[in-house]
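**Q** Sharing entry-v4.cif below, mmCIF, C-alpha atoms, pLDDT in the B column; chains and numbers go by the auth columns:
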data_my_file
loop_
_atom_site.group_PDB
_atom_site.id
_atom_site.type_symbol
_atom_site.label_atom_id
_atom_site.label_comp_id
_atom_site.label_asym_id
_atom_site.label_seq_id
_atom_site.Cartn_x
_atom_site.Cartn_y
_atom_site.Cartn_z
_atom_site.B_iso_or_equiv
_atom_site.auth_seq_id
_atom_site.auth_asym_id
ATOM 1 C CA MET A 1 32.479 -48.168 81.294 61.00 435 A
ATOM 2 C CA LYS A 2 36.045 -48.037 82.588 66.00 436 A
ATOM 3 C CA THR A 3 37.534 -45.120 84.494 71.00 437 A
ATOM 4 C CA ALA A 4 41.057 -43.807 83.935 75.00 438 A
ATOM 5 C CA ASP A 5 42.363 -45.959 86.789 79.00 439 A
ATOM 6 C CA GLY A 6 40.807 -49.126 85.313 76.00 440 A
ATOM 7 C CA LYS A 7 37.716 -49.421 87.527 68.00 441 A
ATOM 8 C CA THR A 8 34.646 -50.791 85.764 59.00 442 A
ATOM 9 C CA ILE A 9 31.448 -48.865 86.385 58.00 443 A
ATOM 10 C CA VAL A 10 28.095 -50.480 85.653 48.00 444 A
ATOM 11 C CA ILE A 11 24.781 -48.657 85.568 49.00 445 A
ATOM 12 C CA CYS A 12 22.162 -50.981 87.019 40.00 446 A
ATOM 13 C CA ALA A 13 19.141 -48.781 86.403 42.00 447 A
ATOM 14 C CA ALA A 14 18.572 -45.576 84.550 46.00 448 A
ATOM 15 C CA VAL A 15 15.745 -43.108 84.749 51.00 449 A
ATOM 16 C CA LEU A 16 15.536 -40.644 81.887 53.00 450 A
ATOM 17 C CA CYS A 17 14.161 -37.219 82.645 57.00 451 A
ATOM 18 C CA ALA A 18 13.033 -34.371 80.444 59.00 452 A
ATOM 19 C CA ALA A 19 15.879 -32.109 79.316 58.00 453 A
ATOM 20 C CA GLU A 20 14.152 -29.082 80.788 63.00 454 A
ATOM 21 C CA ARG A 21 14.769 -30.482 84.277 72.00 455 A
ATOM 22 C CA PHE A 22 18.493 -29.803 83.786 75.00 456 A
ATOM 23 C CA ALA A 23 19.829 -26.226 83.823 83.00 457 A
ATOM 24 C CA LEU A 24 22.225 -25.915 80.882 88.00 458 A
ATOM 25 C CA LEU A 25 25.660 -24.558 81.763 88.00 459 A
ATOM 26 C CA GLN A 26 27.365 -25.110 78.432 92.00 460 A
ATOM 27 C CA GLU A 27 27.551 -27.299 75.385 95.00 461 A
ATOM 28 C CA TYR A 28 30.569 -29.379 74.425 97.00 462 A
ATOM 29 C CA THR A 29 31.478 -30.789 71.014 98.00 463 A
ATOM 30 C CA VAL A 30 32.859 -34.341 71.176 98.00 464 A
ATOM 31 C CA VAL A 31 36.327 -34.816 69.673 98.00 465 A
ATOM 32 C CA GLN A 32 38.247 -37.999 68.825 97.00 466 A
ATOM 33 C CA GLY A 33 39.473 -39.759 71.966 96.00 467 A
ATOM 34 C CA ASP A 34 36.987 -38.200 74.401 97.00 468 A
ATOM 35 C CA ARG A 35 35.937 -40.324 77.347 96.00 469 A
ATOM 36 C CA LEU A 36 32.930 -39.569 79.482 95.00 470 A
ATOM 37 C CA ASP A 37 34.788 -39.963 82.776 95.00 471 A
ATOM 38 C CA ASN A 38 37.378 -37.428 81.623 97.00 472 A
ATOM 39 C CA LEU A 39 34.660 -35.009 80.536 97.00 473 A
ATOM 40 C CA ALA A 40 32.920 -35.388 83.900 95.00 474 A
ATOM 41 C CA ALA A 41 36.210 -34.676 85.678 96.00 475 A
ATOM 42 C CA ARG A 42 36.809 -31.617 83.493 96.00 476 A
ATOM 43 C CA PHE A 43 33.355 -30.051 83.694 94.00 477 A
ATOM 44 C CA ILE A 44 31.883 -31.381 86.942 92.00 478 A
ATOM 45 C CA GLY A 45 35.044 -32.016 88.942 93.00 479 A
ATOM 46 C CA ASP A 46 34.414 -35.724 89.556 94.00 480 A
ATOM 47 C CA PRO A 47 34.971 -38.490 86.969 95.00 481 A
ATOM 48 C CA GLU A 48 32.491 -40.782 88.718 92.00 482 A
ATOM 49 C CA ARG A 49 29.671 -38.291 88.062 91.00 483 A
ATOM 50 C CA PHE A 50 29.609 -39.175 84.352 93.00 484 A
ATOM 51 C CA TRP A 51 26.007 -40.249 85.001 89.00 485 A
ATOM 52 C CA GLN A 52 25.096 -36.562 85.325 90.00 486 A
ATOM 53 C CA ILE A 53 26.140 -36.003 81.704 93.00 487 A
ATOM 54 C CA CYS A 54 24.232 -39.165 80.708 91.00 488 A
ATOM 55 C CA GLY A 55 21.056 -37.878 82.331 87.00 489 A
ATOM 56 C CA ALA A 56 21.318 -34.440 80.761 89.00 490 A
ATOM 57 C CA ASN A 57 21.717 -36.045 77.328 90.00 491 A
ATOM 58 C CA ALA A 58 19.096 -38.804 77.749 87.00 492 A
ATOM 59 C CA ALA A 59 21.667 -41.583 77.339 89.00 493 A
ATOM 60 C CA THR A 60 21.223 -45.053 78.796 84.00 494 A
ATOM 61 C CA ARG A 61 24.613 -46.236 77.494 88.00 495 A
ATOM 62 C CA PRO A 62 27.416 -43.876 78.567 90.00 496 A
ATOM 63 C CA GLU A 63 29.612 -44.904 75.626 91.00 497 A
ATOM 64 C CA GLU A 64 27.069 -43.654 73.091 94.00 498 A
ATOM 65 C CA LEU A 65 27.760 -40.051 74.073 96.00 499 A
ATOM 66 C CA THR A 66 31.348 -40.079 72.800 96.00 500 A
ATOM 67 C CA GLU A 67 31.003 -42.529 69.878 95.00 501 A
ATOM 68 C CA ILE A 68 30.245 -39.833 67.323 95.00 502 A
ATOM 69 C CA VAL A 69 32.839 -37.092 66.849 97.00 503 A
ATOM 70 C CA GLY A 70 31.069 -33.757 66.522 98.00 504 A
ATOM 71 C CA ARG A 71 28.125 -34.666 68.748 97.00 505 A
ATOM 72 C CA ILE A 72 27.027 -31.797 70.969 97.00 506 A
ATOM 73 C CA LEU A 73 26.758 -32.715 74.655 96.00 507 A
ATOM 74 C CA ARG A 74 24.778 -30.748 77.203 92.00 508 A
ATOM 75 C CA ILE A 75 26.754 -29.997 80.356 93.00 509 A
ATOM 76 C CA THR A 76 24.250 -29.178 83.072 89.00 510 A
ATOM 77 C CA LEU A 77 23.666 -28.726 86.750 84.00 511 A
ATOM 78 C CA PRO A 78 22.285 -31.817 88.503 78.00 512 A
ATOM 79 C CA GLU A 79 18.624 -32.537 87.837 68.00 513 A
ATOM 80 C CA GLY A 80 16.220 -30.132 89.525 65.00 514 A
ATOM 81 C CA ILE A 81 18.828 -27.509 90.506 67.00 515 A
ATOM 82 C CA PRO A 82 17.856 -24.173 88.952 64.00 516 A
ATOM 83 C CA GLN A 83 20.396 -22.103 87.077 63.00 517 A
ATOM 84 C CA GLN A 84 21.628 -19.028 88.896 63.00 518 A
ATOM 85 C CA PRO A 85 21.458 -15.715 87.005 56.00 519 A
ATOM 86 C CA SER A 86 25.245 -15.295 87.257 54.00 520 A
ATOM 87 C CA LEU A 87 25.911 -18.538 85.349 50.00 521 A
ATOM 88 C CA THR A 88 26.201 -18.168 81.598 49.00 522 A
ATOM 89 C CA ILE A 89 25.856 -20.736 78.840 48.00 523 A
ATOM 90 C CA GLN A 90 29.027 -21.430 76.898 51.00 524 A
ATOM 91 C CA SER A 91 29.681 -23.509 73.815 48.00 525 A
ATOM 92 C CA ILE A 92 33.149 -25.031 73.769 52.00 526 A
ATOM 93 C CA SER A 93 35.239 -27.738 72.267 51.00 527 A
ATOM 94 C CA ARG A 94 38.760 -28.813 72.986 53.00 528 A
#
Once you've parsed the file, please lay out its structure as structure tokens.
**A**
Amino acid sequence: MKTADGKTIVICAAVLCAAERFALLQEYTVVQGDRLDNLAARFIGDPERFWQICGANAATRPEELTEIVGRILRITLPEGIPQQPSLTIQSISR
């Protein structure tokens, strides 16, 4: 995977966890031209944390998450962090 500034990021090992280990914040519908690093920057605040979106969506290949327009992605808190009552689930698209 390449970041916006051209850096190549390689995942050397991936551990998939059950979806229930991730507190859902919102869902996002993939649109044409989406990139995982941009989505991570938008929703998590750090483009290099794209792996968090991969984990929440049980993806071992980051690219697979944005290949299909219309796919629903789970945007979550990091694994094991419980959702706070004040946080609400939203469903958005661009």
**Q** I'd like the residues picked by the PyMOL selection byres ((chain A and resi 470-476) around 8) written out as a PyMOL selection string, using the chain letters and numbers from the file.
**A** chain A and resi 437-438+468-469+477-484+487+496-497+499-500
**Q** Between A:Gly467, A:Phe456, A:Asp439, A:Val503, single out the one closest to A:Cys488, counting all atoms listed in the file.
**A**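 Counting all atoms listed in the file, the residue closest to A:Cys488 is A:Phe456.
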**Q** What does the distance between atom CA of A:Ile506 and atom CA of A:Ala492 come to in Å, to one decimal place?
**A** 12.6 Å
**Q** Between atom CA of A:Ala493 and atom CA of A:Leu511, what is the spacing in Å?
**A**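 Separating atom CA of A:Leu511 from atom CA of A:Ala493 is a distance of 16.1 Å.
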**Q** Quote the spacing between atom CA of A:Gly504 and atom CA of A:Gly440 in Å to one decimal place.
**A**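 Computing the Euclidean distance for atom CA of A:Gly504 and atom CA of A:Gly440 yields 26.2 Å.
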**Q** Where does the PyMOL selection byres ((chain A and resi 508) around 8) land in this file, that is, which residues does it pick, as a ChimeraX atom specification?
**A** /A:458-462,487,490-491,506-507,509-510
